[in-house]
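Notes for the one structure printed next.
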Amino acid sequence: MTWLVTGGAGYIGAHAVKRLHAAGTPVVVYDDLSTGDARRIPDGVPLVEGDVTDKAALAEAFAKHQVTGVLHFAAQKSVPVSMERPLFYYEQNVGGLAAIVAAMNEAGVRRIVFSSTAALYGLAPEETLVEDLVVDPISVYGETKLIGERMLRFASAACGFSWIALRYFNVVGADEPALGDTSVGNLVPIVFRCIDEGRTVSVTGGDYPTPDGSGVRDYIHVADLADAHVVAVNHLIGREPGSVGEVYNVGTGTGSSVLEVLDAVRAVTGLEVPAEVVARRPGDPARSVAGVAKIERDLDWRASRGLTDMVADAWTAWRAAR
Ligand SMILES: NC(=O)c1ccc[n+]([C@@H]2O[C@H](COP(=O)([O-])OP(=O)(O)OC[C@H]3O[C@@H](n4cnc5c(N)ncnc54)[C@H](O)[C@@H]3O)[C@@H](O)[C@H]2O)c1
Ligand SMILES: O=c1ccn([C@@H]2O[C@H](COP(=O)(O)OP(=O)(O)O[C@H]3O[C@H](CO)[C@H](O)[C@H](O)[C@H]3O)[C@@H](O)[C@H]2O)c(=O)[nH]1
């Protein structure tokens, strides 16, 4: 059973590759290295440099490496950029998955794990976001991932695939310093950059209907998230193709506010970390916290690392990269 990991040189994909490789599951990385780094790939794991929208190159990689399953991480992931460049996001995220599904179908590959996102819940007001909510994404990014889930649902029924879509909440941390997140799009790396540059952190919104007024999110350690992928892969391996088609939230089930994240950064770094409340960011929900009962029940997976672990590991990786 060889698993082709698209985006395996990226932040989250590389963590999953490391875990699968260590567990003895044969993997091959397929990545165009646009945001990835080949140095994240463990020795002994082959890298195919290619674009996920290139069906012929995918078909070649499937044949050469006798691929029997796919983990599809490769995508564009910025909410604001998706609003500025929607066509690029549809091309990459929807077109990329469509090419993979078509290449899988032609090659007889019938198992896939797909990277989805909590961003597809949009402004859903529920205290806890559960998988069967009717969702209405408010960003192109969230929409492309919802289209991806639906594509898998309908195409899998016709092609006899088994599939699992994992909706990641807010991913933080690193398993080892070399695997850290090098993009500075999210809160924790933004705070670290403010520390490095001696700037005050902007808390975007202090008047939300949350206990301290700042936005609440479900932060999940990337190592826990990587473990969820191993569990998903084993779930698919252990069952007949065509018999599994499910969406799972991947979070801790616990919300932390921006002010609580800042306190965790202060505790970890021992630094003051000045912050000021500024205007809300347009389109931000007050609260985004995962319902995790489904993944606990079906896959027997639960997060084991808390916010302090996440921030500490993210800080170690941030320092090592500088
Ligand atoms: N990081 C998060 O907080 C987060 C949250 C929810 C969902 N996700 C999803 O998780 C997945 C991985 O995210 P990440 O944080 O590791 O991002 P990343 O940018 O670090 O990794 C993406 C990888 O895909 C590769 N790639 C991009 N476009 C490609 C293409 N057209 N062909 C081949 N390779 C290509 C990049 O080189 C990179 O190695 C994405 O699908 C993203 O939407 C991420
Ligand atoms: O400078 C900043 C940046 C962010 N925030 C706040 O910090 C929280 C987290 O913001 P992030 O930008 O880190 O993350 P989001 O929750 O907006 O979205 C992230 O998580 C989503 C999943 O829930 C998607 O994956 C999406 O791509 C990813 O950016 C929010 O309350 C935001 O308002 C600040 O206070 N100051």
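Labels for the structure tokens follow display order: chains A, B, ..., residues from 1 in each chain, ligands from 1.
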
| said: Counting only C-alpha atoms and all ligand atoms, what are the residues, protein, DNA or RNA alike, that approach ligand 2 to within 7 Å? I want them as an MDAnalysis selection string. | reply: chainID A and resid 77:79 117:119 168:170 185:188 190 201:205 214:217 258 280:281 284 286 288

Output C-alpha atoms for every residue in the selection just made, as a PDB file, in the first residue's frame.
ATOM      1  CA  LYS A  77      -4.761  28.348   1.933  1.00  0.00           C
ATOM      2  CA  SER A  78      -5.098  32.097   2.481  1.00  0.00           C
ATOM      3  CA  VAL A  79      -8.585  33.463   3.115  1.00  0.00           C
ATOM      4  CA  THR A 117     -11.029  23.401   6.738  1.00  0.00           C
ATOM      5  CA  ALA A 118     -13.135  24.921   9.490  1.00  0.00           C
ATOM      6  CA  ALA A 119     -13.240  28.019   7.274  1.00  0.00           C
ATOM      7  CA  TYR A 168      -8.773  21.260  10.374  1.00  0.00           C
ATOM      8  CA  PHE A 169      -9.361  24.004  12.897  1.00  0.00           C
ATOM      9  CA  ASN A 170      -6.530  26.431  13.793  1.00  0.00           C
ATOM     10  CA  GLY A 185      -0.525  34.230   7.981  1.00  0.00           C
ATOM     11  CA  ASN A 186      -1.942  33.173  11.339  1.00  0.00           C
ATOM     12  CA  LEU A 187      -2.145  34.588  14.841  1.00  0.00           C
ATOM     13  CA  VAL A 188       0.711  32.751  16.590  1.00  0.00           C
ATOM     14  CA  ILE A 190       2.091  37.043  13.685  1.00  0.00           C
ATOM     15  CA  VAL A 201       0.222  42.967  18.641  1.00  0.00           C
ATOM     16  CA  SER A 202      -3.142  44.038  17.187  1.00  0.00           C
ATOM     17  CA  VAL A 203      -6.024  42.127  18.757  1.00  0.00           C
ATOM     18  CA  THR A 204      -8.568  42.310  15.960  1.00  0.00           C
ATOM     19  CA  GLY A 205     -11.796  42.784  17.859  1.00  0.00           C
ATOM     20  CA  SER A 214     -11.708  38.712  21.763  1.00  0.00           C
ATOM     21  CA  GLY A 215     -12.236  36.020  19.115  1.00  0.00           C
ATOM     22  CA  VAL A 216     -12.326  32.391  20.212  1.00  0.00           C
ATOM     23  CA  ARG A 217     -10.763  29.602  18.133  1.00  0.00           C
ATOM     24  CA  VAL A 258      -6.856  35.798  21.407  1.00  0.00           C
ATOM     25  CA  ARG A 280     -12.544  43.590  13.979  1.00  0.00           C
ATOM     26  CA  ARG A 281     -11.335  41.950  10.765  1.00  0.00           C
ATOM     27  CA  ASP A 284     -14.239  36.927  11.299  1.00  0.00           C
ATOM     28  CA  ALA A 286     -16.708  35.469  17.098  1.00  0.00           C
ATOM     29  CA  SER A 288     -15.064  28.708  15.984  1.00  0.00           C
TER      30      SER A 288
END

| task | Would you list, as a ChimeraX atom specification, the residues of range 128-300 of chain A that end up in strand (DSSP E or B) under DSSP run on this structure's backbone? | result | /A:129,162-168,170-172,201-204,216-217,219-221,245-250,256-257,275-278,287-288,290

For chain A versus ligand 1, which residues have an atom no more than 8 Å away, and what is each residue's nearest atom pair and distance in Å rounded to one decimal, using only C-alpha atoms and all ligand atoms, chain-then-number order, as JSON lines?
{"residue": "A:Thr6", "atom": "CA", "partner": "ligand 1", "partner_atom_place_in_ligand_line": "34 (N)", "distance": 6.0}
{"residue": "A:Gly7", "atom": "CA", "partner": "ligand 1", "partner_atom_place_in_ligand_line": "24 (O)", "distance": 3.3}
{"residue": "A:Gly8", "atom": "CA", "partner": "ligand 1", "partner_atom_place_in_ligand_line": "39 (O)", "distance": 5.7}
{"residue": "A:Ala9", "atom": "CA", "partner": "ligand 1", "partner_atom_place_in_ligand_line": "39 (O)", "distance": 4.1}
{"residue": "A:Gly10", "atom": "CA", "partner": "ligand 1", "partner_atom_place_in_ligand_line": "39 (O)", "distance": 3.3}
{"residue": "A:Tyr11", "atom": "CA", "partner": "ligand 1", "partner_atom_place_in_ligand_line": "16 (O)", "distance": 3.7}
{"residue": "A:Ile12", "atom": "CA", "partner": "ligand 1", "partner_atom_place_in_ligand_line": "16 (O)", "distance": 3.7}
{"residue": "A:Gly13", "atom": "CA", "partner": "ligand 1", "partner_atom_place_in_ligand_line": "16 (O)", "distance": 5.3}
{"residue": "A:Ala14", "atom": "CA", "partner": "ligand 1", "partner_atom_place_in_ligand_line": "16 (O)", "distance": 7.5}
{"residue": "A:Tyr30", "atom": "CA", "partner": "ligand 1", "partner_atom_place_in_ligand_line": "33 (C)", "distance": 6.4}
{"residue": "A:Asp31", "atom": "CA", "partner": "ligand 1", "partner_atom_place_in_ligand_line": "34 (N)", "distance": 3.7}
{"residue": "A:Asp32", "atom": "CA", "partner": "ligand 1", "partner_atom_place_in_ligand_line": "33 (C)", "distance": 4.1}
{"residue": "A:Leu33", "atom": "CA", "partner": "ligand 1", "partner_atom_place_in_ligand_line": "37 (O)", "distance": 3.5}
{"residue": "A:Ser34", "atom": "CA", "partner": "ligand 1", "partner_atom_place_in_ligand_line": "37 (O)", "distance": 3.9}
{"residue": "A:Thr35", "atom": "CA", "partner": "ligand 1", "partner_atom_place_in_ligand_line": "37 (O)", "distance": 3.9}
{"residue": "A:Gly36", "atom": "CA", "partner": "ligand 1", "partner_atom_place_in_ligand_line": "39 (O)", "distance": 3.1}
{"residue": "A:Asp37", "atom": "CA", "partner": "ligand 1", "partner_atom_place_in_ligand_line": "39 (O)", "distance": 6.3}
{"residue": "A:Glu49", "atom": "CA", "partner": "ligand 1", "partner_atom_place_in_ligand_line": "33 (C)", "distance": 7.5}
{"residue": "A:Gly50", "atom": "CA", "partner": "ligand 1", "partner_atom_place_in_ligand_line": "33 (C)", "distance": 5.6}
{"residue": "A:Asp51", "atom": "CA", "partner": "ligand 1", "partner_atom_place_in_ligand_line": "32 (N)", "distance": 3.4}
{"residue": "A:Val52", "atom": "CA", "partner": "ligand 1", "partner_atom_place_in_ligand_line": "32 (N)", "distance": 4.0}
{"residue": "A:Thr53", "atom": "CA", "partner": "ligand 1", "partner_atom_place_in_ligand_line": "31 (N)", "distance": 6.0}
{"residue": "A:His72", "atom": "CA", "partner": "ligand 1", "partner_atom_place_in_ligand_line": "41 (O)", "distance": 7.1}
{"residue": "A:Phe73", "atom": "CA", "partner": "ligand 1", "partner_atom_place_in_ligand_line": "41 (O)", "distance": 4.2}
{"residue": "A:Ala74", "atom": "CA", "partner": "ligand 1", "partner_atom_place_in_ligand_line": "24 (O)", "distance": 3.4}
{"residue": "A:Ala75", "atom": "CA", "partner": "ligand 1", "partner_atom_place_in_ligand_line": "41 (O)", "distance": 4.3}
{"residue": "A:Gln76", "atom": "CA", "partner": "ligand 1", "partner_atom_place_in_ligand_line": "43 (O)", "distance": 5.8}
{"residue": "A:Lys77", "atom": "CA", "partner": "ligand 1", "partner_atom_place_in_ligand_line": "43 (O)", "distance": 4.2}
{"residue": "A:Ser78", "atom": "CA", "partner": "ligand 1", "partner_atom_place_in_ligand_line": "43 (O)", "distance": 7.8}
{"residue": "A:Gln92", "atom": "CA", "partner": "ligand 1", "partner_atom_place_in_ligand_line": "31 (N)", "distance": 5.7}
{"residue": "A:Asn93", "atom": "CA", "partner": "ligand 1", "partner_atom_place_in_ligand_line": "41 (O)", "distance": 7.8}
{"residue": "A:Gly96", "atom": "CA", "partner": "ligand 1", "partner_atom_place_in_ligand_line": "31 (N)", "distance": 6.6}
{"residue": "A:Phe114", "atom": "CA", "partner": "ligand 1", "partner_atom_place_in_ligand_line": "41 (O)", "distance": 7.7}
{"residue": "A:Ser115", "atom": "CA", "partner": "ligand 1", "partner_atom_place_in_ligand_line": "41 (O)", "distance": 4.8}
{"residue": "A:Ser116", "atom": "CA", "partner": "ligand 1", "partner_atom_place_in_ligand_line": "7 (C)", "distance": 5.3}
{"residue": "A:Thr117", "atom": "CA", "partner": "ligand 1", "partner_atom_place_in_ligand_line": "6 (C)", "distance": 4.2}
{"residue": "A:Ala118", "atom": "CA", "partner": "ligand 1", "partner_atom_place_in_ligand_line": "6 (C)", "distance": 6.5}
{"residue": "A:Ala119", "atom": "CA", "partner": "ligand 1", "partner_atom_place_in_ligand_line": "6 (C)", "distance": 7.3}
{"residue": "A:Tyr141", "atom": "CA", "partner": "ligand 1", "partner_atom_place_in_ligand_line": "43 (O)", "distance": 7.8}
{"residue": "A:Lys145", "atom": "CA", "partner": "ligand 1", "partner_atom_place_in_ligand_line": "43 (O)", "distance": 7.6}
{"residue": "A:Arg167", "atom": "CA", "partner": "ligand 1", "partner_atom_place_in_ligand_line": "6 (C)", "distance": 6.7}
{"residue": "A:Tyr168", "atom": "CA", "partner": "ligand 1", "partner_atom_place_in_ligand_line": "6 (C)", "distance": 4.5}
{"residue": "A:Phe169", "atom": "CA", "partner": "ligand 1", "partner_atom_place_in_ligand_line": "5 (C)", "distance": 5.9}
{"residue": "A:Asn170", "atom": "CA", "partner": "ligand 1", "partner_atom_place_in_ligand_line": "3 (O)", "distance": 5.2}
{"residue": "A:Val171", "atom": "CA", "partner": "ligand 1", "partner_atom_place_in_ligand_line": "3 (O)", "distance": 4.4}
{"residue": "A:Val172", "atom": "CA", "partner": "ligand 1", "partner_atom_place_in_ligand_line": "3 (O)", "distance": 7.2}
{"residue": "A:Asp181", "atom": "CA", "partner": "ligand 1", "partner_atom_place_in_ligand_line": "20 (O)", "distance": 6.6}
{"residue": "A:Thr182", "atom": "CA", "partner": "ligand 1", "partner_atom_place_in_ligand_line": "20 (O)", "distance": 7.4}
{"residue": "A:Ser183", "atom": "CA", "partner": "ligand 1", "partner_atom_place_in_ligand_line": "20 (O)", "distance": 7.3}
{"residue": "A:Asn186", "atom": "CA", "partner": "ligand 1", "partner_atom_place_in_ligand_line": "3 (O)", "distance": 7.4}

| 12 Å contact set for Ala267 in chain A, only C-alpha atoms, chain neighbours under 3 positions out, as a list in words |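 Residues near the query, excluding close chain neighbours: Glu260, Val261, Leu262, Asp263, Ala264, Gly270, Leu271, Glu272, Val273, Leu307, Thr308, Asp309, Val311, Ala312 and Trp315 of chain A.
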
| said: Env of Ala103 in chain A: 12 Å cut, atoms = only C-alpha atoms, seq-sep filter 6 positions within chain, self excluded. Answer as a list in words. | reply: Val52, Thr53, Asp54, Lys55, Ala56, Ala57, Leu58, Ala59, Glu60, Ala61, Phe62, Ala63, Val67, Thr68, Gly69, Val70, Gly96, Leu97, Val109, Arg110 and Cys159 of chain A

Can I get the residues of range 254-302 of chain A within 12 Å of range 219-230 of chain A, each with the closest pair of atoms and their distance in Å to one decimal, using only C-alpha atoms, sorted chain first then ascending number, as a Markdown table?
| residue | atom | partner | partner_atom | distance |
| --- | --- | --- | --- | --- |
| A:Thr254 | CA | A:Tyr219 | CA | 8.0 |
| A:Gly255 | CA | A:Tyr219 | CA | 7.3 |
| A:Ser256 | CA | A:Tyr219 | CA | 7.2 |
| A:Ser257 | CA | A:Tyr219 | CA | 9.8 |
| A:Val258 | CA | A:Tyr219 | CA | 10.7 |
| A:Glu260 | CA | A:Tyr219 | CA | 11.3 |
| A:Val261 | CA | A:Tyr219 | CA | 9.4 |
| A:Arg287 | CA | A:Tyr219 | CA | 11.7 |
| A:Ser288 | CA | A:Tyr219 | CA | 9.6 |
| A:Val289 | CA | A:Tyr219 | CA | 8.6 |
| A:Ala290 | CA | A:Tyr219 | CA | 9.6 |
| A:Val292 | CA | A:Ile220 | CA | 11.9 |
| A:Ile295 | CA | A:Ala228 | CA | 9.0 |
| A:Glu296 | CA | A:Ala228 | CA | 10.3 |
| A:Asp298 | CA | A:Ala228 | CA | 11.7 |
| A:Leu299 | CA | A:Ala228 | CA | 8.4 |
| A:Asp300 | CA | A:Ala228 | CA | 9.4 |
| A:Trp301 | CA | A:Ala228 | CA | 6.4 |
| A:Arg302 | CA | A:Asp224 | CA | 7.9 |

Atoms to include: N, CA and C atoms. Write the selected residues as a PDB file, in the first residue's frame.
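What follows is the written file selection_38.pdb:
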ATOM      1  N   THR A 254     -12.053  22.551  22.433  1.00  0.00           N
ATOM      2  CA  THR A 254     -11.954  23.627  23.426  1.00  0.00           C
ATOM      3  C   THR A 254     -11.565  24.927  22.731  1.00  0.00           C
ATOM      4  N   GLY A 255     -12.221  26.005  23.100  1.00  0.00           N
ATOM      5  CA  GLY A 255     -11.899  27.299  22.505  1.00  0.00           C
ATOM      6  C   GLY A 255     -10.923  28.093  23.359  1.00  0.00           C
ATOM      7  N   SER A 256     -10.050  28.858  22.695  1.00  0.00           N
ATOM      8  CA  SER A 256      -9.160  29.800  23.391  1.00  0.00           C
ATOM      9  C   SER A 256      -9.320  31.160  22.727  1.00  0.00           C
ATOM     10  N   SER A 257      -9.342  32.210  23.547  1.00  0.00           N
ATOM     11  CA  SER A 257      -9.476  33.559  22.996  1.00  0.00           C
ATOM     12  C   SER A 257      -8.100  34.090  22.578  1.00  0.00           C
ATOM     13  N   VAL A 258      -8.127  35.170  21.800  1.00  0.00           N
ATOM     14  CA  VAL A 258      -6.856  35.798  21.407  1.00  0.00           C
ATOM     15  C   VAL A 258      -6.089  36.222  22.665  1.00  0.00           C
ATOM     16  N   GLU A 260      -6.140  34.870  25.564  1.00  0.00           N
ATOM     17  CA  GLU A 260      -5.568  33.664  26.193  1.00  0.00           C
ATOM     18  C   GLU A 260      -4.331  33.176  25.424  1.00  0.00           C
ATOM     19  N   VAL A 261      -4.372  33.289  24.102  1.00  0.00           N
ATOM     20  CA  VAL A 261      -3.190  32.920  23.313  1.00  0.00           C
ATOM     21  C   VAL A 261      -2.028  33.842  23.685  1.00  0.00           C
ATOM     22  N   ARG A 287     -16.582  33.076  17.239  1.00  0.00           N
ATOM     23  CA  ARG A 287     -16.191  31.818  17.864  1.00  0.00           C
ATOM     24  C   ARG A 287     -16.157  30.714  16.811  1.00  0.00           C
ATOM     25  N   SER A 288     -15.158  29.859  16.887  1.00  0.00           N
ATOM     26  CA  SER A 288     -15.064  28.708  15.984  1.00  0.00           C
ATOM     27  C   SER A 288     -14.456  27.562  16.776  1.00  0.00           C
ATOM     28  N   VAL A 289     -15.316  26.683  17.256  1.00  0.00           N
ATOM     29  CA  VAL A 289     -14.855  25.572  18.097  1.00  0.00           C
ATOM     30  C   VAL A 289     -15.445  24.264  17.563  1.00  0.00           C
ATOM     31  N   ALA A 290     -14.597  23.270  17.438  1.00  0.00           N
ATOM     32  CA  ALA A 290     -14.984  21.996  16.819  1.00  0.00           C
ATOM     33  C   ALA A 290     -15.822  21.131  17.747  1.00  0.00           C
ATOM     34  N   VAL A 292     -16.133  17.418  18.461  1.00  0.00           N
ATOM     35  CA  VAL A 292     -15.177  16.336  18.182  1.00  0.00           C
ATOM     36  C   VAL A 292     -15.741  14.948  18.504  1.00  0.00           C
ATOM     37  N   ILE A 295     -15.344  12.247  15.440  1.00  0.00           N
ATOM     38  CA  ILE A 295     -14.024  11.637  15.190  1.00  0.00           C
ATOM     39  C   ILE A 295     -13.602  10.757  16.376  1.00  0.00           C
ATOM     40  N   GLU A 296     -13.996  11.155  17.585  1.00  0.00           N
ATOM     41  CA  GLU A 296     -13.679  10.304  18.748  1.00  0.00           C
ATOM     42  C   GLU A 296     -14.397   8.967  18.637  1.00  0.00           C
ATOM     43  N   ASP A 298     -15.895   7.467  15.821  1.00  0.00           N
ATOM     44  CA  ASP A 298     -15.635   6.626  14.637  1.00  0.00           C
ATOM     45  C   ASP A 298     -14.168   6.217  14.512  1.00  0.00           C
ATOM     46  N   LEU A 299     -13.253   7.144  14.803  1.00  0.00           N
ATOM     47  CA  LEU A 299     -11.824   6.878  14.547  1.00  0.00           C
ATOM     48  C   LEU A 299     -11.029   6.688  15.835  1.00  0.00           C
ATOM     49  N   ASP A 300     -11.697   6.857  16.987  1.00  0.00           N
ATOM     50  CA  ASP A 300     -11.028   6.727  18.285  1.00  0.00           C
ATOM     51  C   ASP A 300      -9.798   7.651  18.355  1.00  0.00           C
ATOM     52  N   TRP A 301      -9.938   8.847  17.817  1.00  0.00           N
ATOM     53  CA  TRP A 301      -8.852   9.839  17.856  1.00  0.00           C
ATOM     54  C   TRP A 301      -9.283  11.022  18.724  1.00  0.00           C
ATOM     55  N   ARG A 302      -8.351  11.515  19.535  1.00  0.00           N
ATOM     56  CA  ARG A 302      -8.581  12.767  20.262  1.00  0.00           C
ATOM     57  C   ARG A 302      -7.249  13.485  20.427  1.00  0.00           C
TER      58      ARG A 302
END

| query | From the list A:Thr200, A:Asn249, A:Asn234, A:Ser243, which residue is nearest Val277 in chain A when using only C-alpha atoms? | reply |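 Distance minimum relative to Val277 in chain A lands on A:Thr200.
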
| task | Please provide as a ChimeraX atom specification all residues within 12 Å of Met83 in chain A, with the sequence filter that same-chain residues fewer than 3 positions apart are discarded (counting only C-alpha atoms). | result | /A:76-80,86-90,138-144,282-283

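Distances here use only C-alpha atoms; by that measure, the residue among A:Ala16, A:Ala314, A:Val101, A:Ala275 closest to Arg199 in chain A is A:Ala275.
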
Hey, what's within 10 Å of Lys18 in chain A if we count only C-alpha atoms and toss same-chain stuff fewer than 5 positions away? As a tab-separated table (two decimals) with C-alpha atoms, in the first residue's frame, please?
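Result saved to out.tsv:
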chain	number	residue	atom	x	y	z
A	8	GLY	CA	4.03	16.52	1.49
A	13	GLY	CA	1.83	17.40	4.92
A	23	ALA	CA	4.94	3.76	11.14
A	27	VAL	CA	4.82	7.08	1.07
A	40	ARG	CA	11.20	18.63	5.33
A	41	ILE	CA	10.93	15.23	3.60
A	42	PRO	CA	12.58	12.36	5.53
A	43	ASP	CA	15.45	10.40	3.98
A	45	VAL	CA	10.88	9.06	1.00
A	175	ASP	CA	6.83	18.27	15.89
A	179	LEU	CA	9.03	21.27	10.43
A	226	ALA	CA	-0.73	14.42	11.82

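Considering the residues A:Ala157, A:Ala107, A:Leu259, A:Leu123 and counting only C-alpha atoms, His65 in chain A has its shortest atom-to-atom contact with A:Ala107.
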
| Residue set, range 4-111 of chain A restricted to helix (DSSP H, G or I), as JSON, numbers by chain | {"A": [11, 12, 13, 14, 15, 16, 17, 18, 19, 20, 21, 22, 38, 39, 40, 55, 56, 57, 58, 59, 60, 61, 62, 63, 64, 79, 80, 81, 82, 83, 84, 86, 87, 88, 89, 90, 91, 92, 93, 94, 95, 96, 97, 98, 99, 100, 101, 102, 103, 104, 105, 106, 107]}
